[in-house]
Every structure is written in C-alpha cells, then in structure tokens.
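Trainee: So that we are looking at the same thing, I have put the structure below in structure tokens.
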Amino acid sequence: KTQKMKSVVVCVVLFALIASVLSILRYDNEPLIQFNITNTEQLEILKNIQDQQPELFDVWSHDSLLVIGAPNQVHVSNLMKATHILKSVNISHTTLIHNIQHLIDNQHDNITTQADDLTWFNSYHTF
C-alpha cells in the first residue's frame, strides 16, 4: 500500500512539472510600449478597456496601475488594436521593446552559456 501511495505521489509531481513546463508564458513578437495619460477622462477610458479586455494592456509599471502624468510601461498583446485605442483617446505611444521574448531568450542564453564563469554576474549587476 505504501509503494502504491509513493507511485501516486510521483505521478502527481511529474504531472505538475510537465504542466508547468508546458504553460511557460512567452512574449513572442509582443512589444512593450510607453505612453503618458494626461487627464482623468483618458485614464477612465483606458481603465474600462483594461477591465473589459485585460489581456490587451498588461501594465508593467507603477504597481501594475495606469497613472496620470508619468510614463506607463505596458505590454500589449495586440499592438494594432492598442494603437487604435490610444489614438482614439488622443494618446501617443513609443515602442520601447519590439519583441520582448527575443530579449528574454538572449538573456537566458547569456546566463546559461556563462553559468560556469562568475564574471557574468558582475556584468549583469554593476555596483
């Protein structure tokens, strides 16, 4: 009976590991944009859109909140749709990163190829 329980636990752990590997979040060809909200009307419109379509605007700055008067850095899943919405409320944007996943992959490659050499830490974290 104990052996059977161990087998069940091992199967559950393996299933959890496989599921986590398969569900890795990727940002292929998805940009990070920046824009400034200048008034409460713009803020309310964007908050309503964010509530209705949370996958469209993923705020990566200011504790994940859209704010007035400071740069909002936002991951967008559909740049054309986001650009159309921002134009409709008179907000211009700048693309900070065109392909987030490309940068993530490059960073991962740099870390894994230099893992045996500790100098990568010094170049990554300058003091």
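Residue numbering restarts at 1 in every chain; chains get A, B, ... in the order shown in the structure tokens, and ligands count up from 1 in that same order.
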Determine, counting only C-alpha atoms, which protein, DNA and RNA residues have an atom within 12 Å of an atom of Ile45 of chain A; residues of the same chain fewer than 6 positions away are not included. Present the result as a PyMOL selection string.

Mentor: chain A and resi 37+39+51-52+66+85-86+88-91

Trainee: Which residue out of A:Thr94, A:Gln50, A:Asn99, A:Asn72 has the minimum interatomic distance to Arg26 of chain A when only C-alpha atoms are used?

Mentor: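 Residue with the minimum atom-to-atom distance to Arg26 of chain A: A:Asn99.
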
Trainee: Applying 8 Å and only C-alpha atoms, which residues near segment 55-63 of chain A remain after dropping the ones on its own chain fewer than 3 positions away? List them as a list in words.

Mentor: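 Answer for this query is Gln50, Leu66, Val67, Asn72, Gln73, Val74, His75, Val76, Ser77, Asn78 and Ala82 of chain A.
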
Trainee: Identify, on the basis of only C-alpha atoms, every residue whose closest approach to Ile100 of chain A does not exceed 10 Å; exclude the query and any residue fewer than 3 positions from it along the same chain; express the result as JSON, numbers by chain.

Mentor: {"A": [26, 27, 28, 29, 30, 31, 32, 75, 96, 97, 103, 104, 105]}

Trainee: Can you measure atom CA of Gln101 of chain A to atom CA of Met80 of chain A for me? One decimal in Å is fine.

Mentor: 18.4 Å

Trainee: Just asking: which residues within segment 50-105 of chain A are helix (DSSP H, G or I) according to DSSP, as a compact mmCIF listing (two decimals) with N, CA and C atoms, in the first residue's frame?

Mentor:
# COMPACT_ATOMS: atom_id res chain seq x y z
N GLN A 50 -9.30 48.18 -20.03
CA GLN A 50 -8.49 47.19 -19.32
C GLN A 50 -9.37 46.20 -18.56
N ASP A 51 -10.47 46.67 -17.99
CA ASP A 51 -11.40 45.78 -17.29
C ASP A 51 -12.10 44.83 -18.26
N GLN A 52 -12.46 45.33 -19.44
CA GLN A 52 -13.18 44.52 -20.42
C GLN A 52 -12.26 43.57 -21.19
N HIS A 62 4.45 51.16 -12.18
CA HIS A 62 3.58 51.79 -11.17
C HIS A 62 2.66 50.78 -10.47
N ASP A 63 3.24 49.74 -9.92
CA ASP A 63 2.46 48.73 -9.21
C ASP A 63 1.33 48.16 -10.05
N SER A 64 1.56 48.04 -11.33
CA SER A 64 0.59 47.47 -12.29
C SER A 64 -0.68 48.31 -12.43
N LEU A 79 -0.70 45.01 -30.83
CA LEU A 79 -0.24 46.39 -30.99
C LEU A 79 -1.18 47.21 -31.87
N MET A 80 -1.69 46.63 -32.93
CA MET A 80 -2.59 47.39 -33.81
C MET A 80 -3.85 47.82 -33.07
N LYS A 81 -4.43 46.92 -32.32
CA LYS A 81 -5.64 47.24 -31.57
C LYS A 81 -5.34 48.27 -30.48
N ALA A 82 -4.22 48.10 -29.78
CA ALA A 82 -3.84 49.04 -28.71
C ALA A 82 -3.57 50.42 -29.29
N THR A 83 -2.88 50.48 -30.44
CA THR A 83 -2.59 51.76 -31.09
C THR A 83 -3.88 52.47 -31.49
N HIS A 84 -4.81 51.72 -32.03
CA HIS A 84 -6.11 52.29 -32.41
C HIS A 84 -6.83 52.88 -31.19
N ILE A 85 -6.83 52.15 -30.10
CA ILE A 85 -7.49 52.63 -28.88
C ILE A 85 -6.80 53.88 -28.34
N LEU A 86 -5.48 53.85 -28.29
CA LEU A 86 -4.74 55.00 -27.78
C LEU A 86 -4.97 56.24 -28.65
N LYS A 87 -4.99 56.06 -29.96
CA LYS A 87 -5.25 57.19 -30.86
C LYS A 87 -6.66 57.75 -30.63
N SER A 88 -7.61 56.86 -30.37
CA SER A 88 -8.99 57.31 -30.18
C SER A 88 -9.17 58.19 -28.95
N ILE A 100 9.61 41.34 -26.91
CA ILE A 100 10.02 41.06 -25.53
C ILE A 100 10.69 39.69 -25.43
N GLN A 101 10.13 38.70 -26.10
CA GLN A 101 10.66 37.33 -26.00
C GLN A 101 12.09 37.24 -26.52
N HIS A 102 12.42 38.00 -27.53
CA HIS A 102 13.78 38.00 -28.06
C HIS A 102 14.78 38.41 -26.98
N LEU A 103 14.45 39.45 -26.22
CA LEU A 103 15.34 39.88 -25.14
C LEU A 103 15.42 38.83 -24.02
N ILE A 104 14.29 38.22 -23.71
CA ILE A 104 14.28 37.18 -22.68
C ILE A 104 15.16 36.00 -23.11
N ASP A 105 15.01 35.59 -24.36
CA ASP A 105 15.82 34.47 -24.87
C ASP A 105 17.30 34.81 -24.87
